Amino acid sequence: MEDVLPPGLLEICLVVGVPRERVRALLQGTQRKPKSLPPLDPEVLSVFVPPFISRDDTQMINAGNNLNKSKRRSFRKKKERPKIENVKSLNGEQKAPDTEDITVPKDIDLIGLPQLCFPGGLYITSESKDDHIHFLVFTDVCGNRTYGVVAQYYQPMQDGCISSNGQAHRESAQTGKMPVCFVPLAICVISRYPYFNALKDCLSCLLVQLRPFKDLDVEEHIKEFAAKLFLIPSPPPGPLHLVFNMKPLQIIIPSREDPDSPIIDLDLHLPLLCFKPEQVLQIMTCILTEQRIVFFSSDWALLTLVAECFMLYLHPLQWQHTFVPILSRQMLDFVMAPTSFLMGCHIDHFDEVSTETEDLILINIDNGDITHSKMTAEETEIPDVPAHAAEAFIKRVESLQLHYDLELCHLRTSTDLGELQMRRRAWQQKLNTEVQQTTLQLIVNIFREVKDHLNYEHRVFNSEEFLKTRAIGDQPFYKKVLETYMFHSFLKARLNRKMDAFARLELSTQSEEDRLNLMFHTPRRLTMGKMASKRLNPQYTVNRRMVISMPNLQDIKLPEGPTRNSSLRRIETGIAVKMPSKSVSTFKIPEIHFPLMFQCVHSYYTDFFNHLSKAINILPPDNSALLARYFYLRGLISLMQGKLLNALSDFQNLDKTDLRIFPTDLVRKIVETMPPSERFQADRKPELKKLISRVMEKQREVMKIDDHVKNFELPKTHMQLDDFVKRIQESGIVKDVDTIHRLFDALTVGQQKQIDPETFRDFYNYWKETEAEAQEVNLPPTVIEHLDKNECVYKLSCSVKTNYGVGKIALTQKRLFLLTEGGRPGYVQIASFRDIEDVKSTTVAFLLLRIPTLRIKTLSKKEVFEANLKTECDLWYLIVKEMWAGKKMSDDHKDPQYIQQALTNVLLMDAVVGALQSSKTIYAASKLSYFDRMKNEVPMMVPKTTSETLKHKINPSAGETFPQAIDVLLYTPGHLDPSERPGNAHPKLWCALNEGKVVVFDASTWSIQQHCFKMGRSKLTCMIMVEQSQVWIGSQDSIIYIINTHSMSCNKQLNDHRSDVTDIIVEKKNGIPSEAYSSSLDGTVIAWNISTLKVNRVFQLPCQNLTSIKLHNDQLWCCTGSCILVMSTQEFRLQMKIEHHLKDVCSWFLCFQLFPERDEVWASYSGSSDLYIWNTRDVTSAPQKIHLQDCSEITCMIRVKNQMWVGSSGRSQGKSKGKIYVISAEKKTVEKELVGHADTVKALCSAEDRYVLSGSGKDEGKIAIWKAE
């Protein structure tokens, strides 16, 4: 069980110095003064490692308790202090017979540690010096880090005896003798966690406590100190910090913000005090490009703290190379390593390091200089951070208040040490948050557009195209960064769609254009808005460098920037990142009493458990975040006590409070090491048995994860259709499989159905060159003002003669216009696609020639536009006809994606013609005329009723390779919470796709708000907004997932069902949600307390196949395959039953709705096109029947005002189609038949009774928005 327990605050504690006998011998033997003594080699004098309880003590008190025999004990006394020769035994090399066997963690090197405790050497002095603290970081071969905090203090030595400071001075006052010398000692605390400030405070308190004690008592106090820190747990991620008493200070152990965030227990603004913002950017560039970096300072503490700050600035990117922020003088050879590293040295070694080693980045923390060591023949230049990201970062840093004294001026002077400490900590915490947000925004600005060049299906990154789309001045930076291990790991996280700090900030700062681009996967072009801003932005005309290249060992001069306010006081500029302050609670850890025998430890754990239980009982249930942290800590304490089942129960409670902090690995280890008897008890409890099964299954899933990343490469062999589809998707040109199939047909016209590498290369290069040329199109302002802000020029013809003048024909997604040539380029409208009446390709006579000419007739002009396009005529004819047909279909079906798809088709045509260069190119390109062919083959007329009722169509499968069925739809109204951004106040449309995917739309703009987050791997069956902050989603995996609508994340789930969750409903009293009911396929109904998520009641129906439930007047209507049962919600007694009445025994009830005002229940059967209506006052009478024409089966229904909207499936010309029938509840007649889907209508939902939204099956996979009357 020892290996199962998570580490406490302390891993090991050591005392390092020189043995007193050696000092005495040195002073007496040489008769030298302390000042003239050479530096001594420090040694490990004492080691304090857990467990700290003596073996005899534990066995005597707990002889019958198997767990406590095997668990870590809390105190062990060594028979005598280890001598230096026994230090080796601590590392396993040699065994000393006169000491107990001590197990030192295997990754702690006791041989090299003394040098790091005295990195500048150990010197005996004639005068006492101030206590000194510095910090260490150790990295093992797997990249796991361990952290050390070292406190050096000086012990006076008189007549060869070391005594305490106070004792020595009292004796000297009585005898008149002064101490002969002062001998330094170091106490080193090593922890798994980077609690730099907390451990510094702990050691500071220890040094104060050690002053009155003699040498032997000192060791006992250090033992107690180490034992106490070992018993302090690390808090789980989230809004709870732990506090414990270490006289005279209260020590705070801060938690990380979330499971993916690092622990931050240092002052993040330290580098901003040492370096100018431009220099900070340079250092970050050096780290991002994985240089060989050495920090220098005269302060050992600053070396580690500044280096750690830079590591945190890069989050979520992680440095993956050697990281040794402190090198002792004996370790200077380490800087000769040929690979990337980040190290730190004392400033005294600057000249030695800089002259003897080549190609190092030398960073002087003391004076802010950044230089390069002696160079090789090829001089390496450190590139600049991309200009737009650097500029935003500098402005934000200059707006930060970095000086605490300026904050104190208006505050009263505090007379309480605790208040002073808390005031400073609150200021530092606020500043740390601002610095974190500033540096995270920098990382997001640098790498935001990486996602545009990723193919998630095949895990490919197109680095070449990404580089081409960067500004010329930014390309050197990206070329270096893209080659690093750090960036490769970052790519893996993006391809895994990891929702980390980067993804959250990137999502929350997306522009509306970015969100629309998620819906319409179209080739990249500059919008008119961007083109106009580009003309005004000086960085595009002159790409200014933020800092100059690094010269050899010369100070780097920074360019003159805008004048900065010379005052250090912050002026509110509105540039600083504004983040809502997050409330953080603290929990006081109970006192640990000494001497630390087993009874004391047992009492400590009992008190800890009781305090947590009390906190859980008094906490309001809506504070689930804090409740989760208490459950987590109580589970840990139960684990320490050996109460494994209690621990598992507390960890299981995290499902309903905060799933993100569930300790999966810890629970798995508990299960794997659990004695058979306790495993048997756990399996007898259904909730624990399910928990164990889930954790072990998740372990198997983790082992299957595909984590590779490929860089896009052009194919080298011939491609059949399937391979061609994969290659085109990897290239990022187009994802839709049907479109790629048509492209394959076009490129293989007149030849075998395979594509050779040369053809693919020519096509790919032409596509990318056209894309690059389009980025360079620079229209004059007089032309831009005629176009919409979001319009893009997708194609320009050669200069041609037209009846409107000479110029180039330009194509946008909305129109054709002529860019006239002459003294000043001008704009002449040719036609909007909606306005086109006819398009013809013909020839006109000129002298003896017949010149191909394009004619376009519009509805608004009598004059026909004519352009002598010559060789381009046939292609432009295809292009205009396809865009015209696409626009017509887009307008008729209210689906803007059609015009985007038409755009893709015409650009593919253009690339095919450009790549093939053969006599059949136009015929080949015509294979891509999808909409034009549809217009000719199938009548495109949409019935008038459908056209008038249909308002819009959206595609939640945008960007996917295939359409996906829409299983459930949910509309949630807008509201504004004080903690939210105003943008989050918009109404939302939630759409459940296959395999647990959920896409969320902003229902005010119909743009994607959150693209695809996952709720398990099974089909989702139901969604409901239980209250403003919670959406519950039921799944076939028997779990109810709870989404926090503020954070848009799933951090809770309900696991009480044993079968597919089929429906969820909410009971409201006085308009306030009071209780939720959920049903599962096995006939179980569970009533939930919404605020506590506790089960109020569990009902079991006498039959199974329970598919849906409804609630009215304390009656629960339950639809099963064979009947509809009406049960009372309190006693759950049967009150009514509607029997299956059809003669066809193979059919079953499919769906139903209540019309309580009319005492009616409407229902449908599988395989039937009839709708049946029962009167609830006499359910034995035959139901009324409404027959629906042209319908195979009724699939869903929803009540809207006094109408019933019914979704169905049917067949037309051998293909599935979906129809919606709007039926009057009063007249029982079909008022409207809406033909809006090319597949079965799978889901319906209402938006405030003003609109109805319908979702279709996998052949179409679109959502239609209908106006409800």
# chains A, B, ... in the order shown; residues from 1 in each chain; ligands from 1
>>> select_by_dssp(residues="range 214-356 of chain A", states="strand (DSSP E or B)", output="list in words")
Leu240, His241, Leu242, Val243, Phe244, Asn245, Met246, Leu249, Gln250, Ile251, Ile252, Ile253, Arg292, Ile293, Val294, Phe295, Phe296, Ser297, Thr322, Phe323, Val324, Phe341, Leu342, Met343, Gly344, Cys345 and His346 of chain A
>>> write_last_selection(atoms="N, CA and C atoms", output="compact mmCIF listing (two decimals), in the first residue's frame")
# COMPACT_ATOMS: atom_id res chain seq x y z
N LEU A 240 -9.45 25.42 -3.79
CA LEU A 240 -9.24 25.17 -2.36
C LEU A 240 -7.75 25.09 -2.07
N HIS A 241 -7.27 25.99 -1.21
CA HIS A 241 -5.90 25.96 -0.74
C HIS A 241 -5.88 25.39 0.67
N LEU A 242 -4.80 24.70 1.01
CA LEU A 242 -4.66 24.15 2.36
C LEU A 242 -3.80 25.08 3.20
N VAL A 243 -4.14 25.18 4.48
CA VAL A 243 -3.39 26.04 5.42
C VAL A 243 -3.00 25.20 6.62
N PHE A 244 -1.76 25.34 7.07
CA PHE A 244 -1.38 24.69 8.32
C PHE A 244 -0.45 25.62 9.10
N ASN A 245 -0.35 25.35 10.37
CA ASN A 245 0.40 26.22 11.27
C ASN A 245 1.84 25.75 11.41
N MET A 246 2.77 26.66 11.15
CA MET A 246 4.19 26.39 11.36
C MET A 246 4.72 27.65 12.05
N LEU A 249 4.34 31.38 11.44
CA LEU A 249 3.59 31.70 10.22
C LEU A 249 2.49 30.68 9.96
N GLN A 250 1.47 31.13 9.22
CA GLN A 250 0.48 30.23 8.65
C GLN A 250 0.94 29.92 7.22
N ILE A 251 1.16 28.65 6.93
CA ILE A 251 1.68 28.25 5.62
C ILE A 251 0.50 27.90 4.71
N ILE A 252 0.49 28.48 3.53
CA ILE A 252 -0.56 28.18 2.55
C ILE A 252 0.01 27.29 1.46
N ILE A 253 -0.66 26.18 1.19
CA ILE A 253 -0.30 25.29 0.09
C ILE A 253 -1.30 25.55 -1.03
N ARG A 292 20.76 26.32 -26.54
CA ARG A 292 21.55 25.96 -25.35
C ARG A 292 21.69 27.24 -24.54
N ILE A 293 21.00 27.28 -23.41
CA ILE A 293 20.79 28.54 -22.67
C ILE A 293 21.42 28.43 -21.29
N VAL A 294 22.12 29.48 -20.88
CA VAL A 294 22.69 29.54 -19.54
C VAL A 294 22.30 30.87 -18.91
N PHE A 295 21.64 30.80 -17.75
CA PHE A 295 21.33 31.99 -16.96
C PHE A 295 22.48 32.24 -15.98
N PHE A 296 22.75 33.53 -15.68
CA PHE A 296 23.77 33.91 -14.71
C PHE A 296 23.18 34.88 -13.71
N SER A 297 23.60 34.75 -12.46
CA SER A 297 23.21 35.72 -11.43
C SER A 297 24.14 35.57 -10.23
N THR A 322 17.25 18.95 -21.04
CA THR A 322 17.93 19.08 -19.74
C THR A 322 17.57 20.43 -19.11
N PHE A 323 17.22 20.37 -17.82
CA PHE A 323 16.85 21.59 -17.10
C PHE A 323 17.54 21.55 -15.73
N VAL A 324 18.64 22.29 -15.61
CA VAL A 324 19.41 22.33 -14.36
C VAL A 324 19.65 23.80 -14.03
N PHE A 341 19.72 22.60 -23.79
CA PHE A 341 19.60 22.58 -22.33
C PHE A 341 19.30 23.98 -21.83
N LEU A 342 18.84 24.04 -20.58
CA LEU A 342 18.70 25.31 -19.86
C LEU A 342 19.35 25.11 -18.50
N MET A 343 20.43 25.89 -18.23
CA MET A 343 21.18 25.75 -16.99
C MET A 343 21.40 27.12 -16.37
N GLY A 344 21.90 27.11 -15.14
CA GLY A 344 22.17 28.36 -14.45
C GLY A 344 23.49 28.31 -13.70
N CYS A 345 24.25 29.41 -13.76
CA CYS A 345 25.56 29.50 -13.10
C CYS A 345 25.67 30.80 -12.33
N HIS A 346 26.61 30.82 -11.37
CA HIS A 346 26.91 32.06 -10.67
C HIS A 346 27.58 33.02 -11.64
>>> residues_around(residues="range 1251-1268 of chain A", least_positions_apart="5", cutoff="6 Å", atoms="only C-alpha atoms", output="MDAnalysis selection string")
chainID A and resid 949:955 963:966 1238:1246
>>> closest_residue(among="A:Leu5, A:Val137, A:Ala493, A:Phe598", to="Gly642 in chain A", atoms="only C-alpha atoms")
A:Leu5
>>> atom_distance(atom1="CA of Pro212 in chain A", atom2="CA of Ala226 in chain A")
18.9 Å
>>> residues_around(residues="range 1181-1198 of chain A", least_positions_apart="5", cutoff="7 Å", atoms="only C-alpha atoms", output="PyMOL selection string")
chain A and resi 1151+1153+1164+1166-1174+1204-1210+1241-1245
>>> residues_around(residues="range 869-879 of chain A", least_positions_apart="5", cutoff="8 Å", atoms="only C-alpha atoms", output="PDB file with N, CA, C and O atoms, in the first residue's frame")
ATOM      1  N   SER A 797      -9.800  36.836 -63.914  1.00  0.00           N
ATOM      2  CA  SER A 797      -9.471  36.425 -65.280  1.00  0.00           C
ATOM      3  C   SER A 797      -8.244  37.205 -65.753  1.00  0.00           C
ATOM      4  O   SER A 797      -7.748  38.110 -65.074  1.00  0.00           O
ATOM      5  N   VAL A 800      -9.265  41.293 -70.251  1.00  0.00           N
ATOM      6  CA  VAL A 800     -10.099  40.977 -71.421  1.00  0.00           C
ATOM      7  C   VAL A 800     -10.880  42.214 -71.859  1.00  0.00           C
ATOM      8  O   VAL A 800     -11.103  43.154 -71.085  1.00  0.00           O
ATOM      9  N   LYS A 801     -11.314  42.148 -73.096  1.00  0.00           N
ATOM     10  CA  LYS A 801     -12.145  43.215 -73.647  1.00  0.00           C
ATOM     11  C   LYS A 801     -13.605  42.848 -73.440  1.00  0.00           C
ATOM     12  O   LYS A 801     -14.036  41.744 -73.760  1.00  0.00           O
ATOM     13  N   VAL A 839     -26.811  32.282 -69.053  1.00  0.00           N
ATOM     14  CA  VAL A 839     -25.377  32.312 -69.349  1.00  0.00           C
ATOM     15  C   VAL A 839     -25.143  31.520 -70.630  1.00  0.00           C
ATOM     16  O   VAL A 839     -25.657  30.397 -70.777  1.00  0.00           O
ATOM     17  N   LYS A 840     -24.388  32.104 -71.553  1.00  0.00           N
ATOM     18  CA  LYS A 840     -24.104  31.419 -72.812  1.00  0.00           C
ATOM     19  C   LYS A 840     -22.634  31.567 -73.169  1.00  0.00           C
ATOM     20  O   LYS A 840     -22.027  32.596 -72.904  1.00  0.00           O
ATOM     21  N   SER A 841     -22.110  30.510 -73.792  1.00  0.00           N
ATOM     22  CA  SER A 841     -20.761  30.568 -74.353  1.00  0.00           C
ATOM     23  C   SER A 841     -20.915  30.527 -75.868  1.00  0.00           C
ATOM     24  O   SER A 841     -21.475  29.571 -76.416  1.00  0.00           O
ATOM     25  N   ILE A 851     -13.916  34.640 -82.100  1.00  0.00           N
ATOM     26  CA  ILE A 851     -13.377  34.767 -80.735  1.00  0.00           C
ATOM     27  C   ILE A 851     -14.400  34.244 -79.725  1.00  0.00           C
ATOM     28  O   ILE A 851     -15.554  34.712 -79.709  1.00  0.00           O
ATOM     29  N   PRO A 852     -13.997  33.251 -78.899  1.00  0.00           N
ATOM     30  CA  PRO A 852     -14.917  32.749 -77.857  1.00  0.00           C
ATOM     31  C   PRO A 852     -15.344  33.874 -76.924  1.00  0.00           C
ATOM     32  O   PRO A 852     -14.511  34.648 -76.439  1.00  0.00           O
ATOM     33  N   THR A 853     -16.649  33.938 -76.675  1.00  0.00           N
ATOM     34  CA  THR A 853     -17.205  35.040 -75.882  1.00  0.00           C
ATOM     35  C   THR A 853     -18.200  34.488 -74.863  1.00  0.00           C
ATOM     36  O   THR A 853     -18.976  33.569 -75.164  1.00  0.00           O
ATOM     37  N   LEU A 854     -18.171  35.072 -73.672  1.00  0.00           N
ATOM     38  CA  LEU A 854     -19.113  34.716 -72.600  1.00  0.00           C
ATOM     39  C   LEU A 854     -20.186  35.786 -72.526  1.00  0.00           C
ATOM     40  O   LEU A 854     -19.889  36.989 -72.476  1.00  0.00           O
ATOM     41  N   VAL A 906     -15.885  25.240 -58.118  1.00  0.00           N
ATOM     42  CA  VAL A 906     -15.321  26.018 -59.235  1.00  0.00           C
ATOM     43  C   VAL A 906     -13.810  26.188 -59.076  1.00  0.00           C
ATOM     44  O   VAL A 906     -13.075  26.207 -60.071  1.00  0.00           O
ATOM     45  N   MET A 909     -12.351  23.025 -60.276  1.00  0.00           N
ATOM     46  CA  MET A 909     -12.354  23.062 -61.751  1.00  0.00           C
ATOM     47  C   MET A 909     -11.142  23.830 -62.266  1.00  0.00           C
ATOM     48  O   MET A 909     -10.430  23.378 -63.184  1.00  0.00           O
ATOM     49  N   ASP A 910     -10.918  24.994 -61.693  1.00  0.00           N
ATOM     50  CA  ASP A 910      -9.809  25.850 -62.118  1.00  0.00           C
ATOM     51  C   ASP A 910      -8.479  25.118 -61.964  1.00  0.00           C
ATOM     52  O   ASP A 910      -7.611  25.153 -62.850  1.00  0.00           O
ATOM     53  N   VAL A 913      -8.096  22.288 -64.609  1.00  0.00           N
ATOM     54  CA  VAL A 913      -7.730  22.833 -65.919  1.00  0.00           C
ATOM     55  C   VAL A 913      -6.268  23.276 -65.921  1.00  0.00           C
ATOM     56  O   VAL A 913      -5.516  23.024 -66.869  1.00  0.00           O
ATOM     57  N   ILE A 922     -11.582  20.716 -70.199  1.00  0.00           N
ATOM     58  CA  ILE A 922     -12.894  21.285 -69.915  1.00  0.00           C
ATOM     59  C   ILE A 922     -13.899  20.178 -69.619  1.00  0.00           C
ATOM     60  O   ILE A 922     -14.713  20.283 -68.691  1.00  0.00           O
ATOM     61  N   ALA A 925     -13.124  19.088 -66.157  1.00  0.00           N
ATOM     62  CA  ALA A 925     -13.612  20.057 -65.160  1.00  0.00           C
ATOM     63  C   ALA A 925     -15.123  19.971 -64.996  1.00  0.00           C
ATOM     64  O   ALA A 925     -15.658  20.182 -63.900  1.00  0.00           O
ATOM     65  N   SER A 926     -15.820  19.620 -66.094  1.00  0.00           N
ATOM     66  CA  SER A 926     -17.289  19.551 -66.011  1.00  0.00           C
ATOM     67  C   SER A 926     -17.757  18.454 -65.058  1.00  0.00           C
ATOM     68  O   SER A 926     -18.896  18.465 -64.607  1.00  0.00           O
ATOM     69  N   SER A 929     -19.066  19.944 -61.950  1.00  0.00           N
ATOM     70  CA  SER A 929     -20.236  20.840 -61.999  1.00  0.00           C
ATOM     71  C   SER A 929     -21.430  20.169 -61.324  1.00  0.00           C
ATOM     72  O   SER A 929     -22.387  19.752 -61.981  1.00  0.00           O
TER      73      SER A 929
END
>>> select_by_dssp(residues="range 668-807 of chain A", states="helix (DSSP H, G or I)", output="NGL selection string")
:A and (668-673 or 676-684 or 686-704 or 721-731 or 737-747 or 757-775 or 781-784)
>>> residues_around(residues="Ile661 in chain A", least_positions_apart="5", cutoff="12 Å", atoms="only C-alpha atoms", output="ChimeraX atom specification")
/A:235-239,255-260,625-633,651-656,666-667,1050-1052
>>> residues_around(residues="Val777 in chain A", least_positions_apart="4", cutoff="12 Å", atoms="only C-alpha atoms", output="ChimeraX atom specification")
/A:525-528,530-532,534-535,770-773,784,792-796,810,819
>>> write_last_selection(atoms="C-alpha atoms", output="PDB file, in the first residue's frame")
ATOM      1  CA  ARG A 525      -8.816  34.129 -49.148  1.00  0.00           C
ATOM      2  CA  LEU A 526      -8.563  37.667 -47.788  1.00  0.00           C
ATOM      3  CA  THR A 527     -11.924  39.219 -46.943  1.00  0.00           C
ATOM      4  CA  MET A 528     -12.499  42.832 -47.939  1.00  0.00           C
ATOM      5  CA  LYS A 530      -8.941  42.228 -43.832  1.00  0.00           C
ATOM      6  CA  MET A 531      -7.746  43.691 -47.115  1.00  0.00           C
ATOM      7  CA  ALA A 532      -8.740  47.170 -45.991  1.00  0.00           C
ATOM      8  CA  LYS A 534      -3.953  45.327 -44.288  1.00  0.00           C
ATOM      9  CA  ARG A 535      -3.523  48.521 -46.283  1.00  0.00           C
ATOM     10  CA  THR A 770      -3.521  30.057 -56.825  1.00  0.00           C
ATOM     11  CA  GLU A 771      -4.251  30.337 -53.114  1.00  0.00           C
ATOM     12  CA  ALA A 772      -0.987  32.239 -52.521  1.00  0.00           C
ATOM     13  CA  GLU A 773      -1.600  34.573 -55.478  1.00  0.00           C
ATOM     14  CA  ILE A 784     -13.451  47.667 -51.777  1.00  0.00           C
ATOM     15  CA  CYS A 792     -13.392  37.516 -50.924  1.00  0.00           C
ATOM     16  CA  VAL A 793     -12.032  37.552 -54.470  1.00  0.00           C
ATOM     17  CA  TYR A 794     -11.653  33.888 -55.409  1.00  0.00           C
ATOM     18  CA  LYS A 795     -10.656  34.172 -59.082  1.00  0.00           C
ATOM     19  CA  LEU A 796      -9.466  36.857 -61.505  1.00  0.00           C
ATOM     20  CA  ALA A 810     -13.418  39.044 -60.627  1.00  0.00           C
ATOM     21  CA  LEU A 819     -11.942  45.423 -62.328  1.00  0.00           C
TER      22      LEU A 819
END
>>> residues_around(residues="Thr289 in chain A", least_positions_apart="5", cutoff="12 Å", atoms="only C-alpha atoms", output="count of residues only")
30
>>> closest_residue(among="A:Thr664, A:Ser649, A:Gln917, A:Ser463", to="Glu687 in chain A", atoms="only C-alpha atoms")
A:Ser649
>>> atom_distance(atom1="CA of Ile1124 in chain A", atom2="CA of Leu1154 in chain A")
11.6 Å
>>> atom_distance(atom1="CA of Ala426 in chain A", atom2="CA of Val584 in chain A")
10.5 Å
>>> closest_residue(among="A:Ala337, A:His602, A:Asp736, A:His893", to="Lys944 in chain A", atoms="only C-alpha atoms")
A:His893
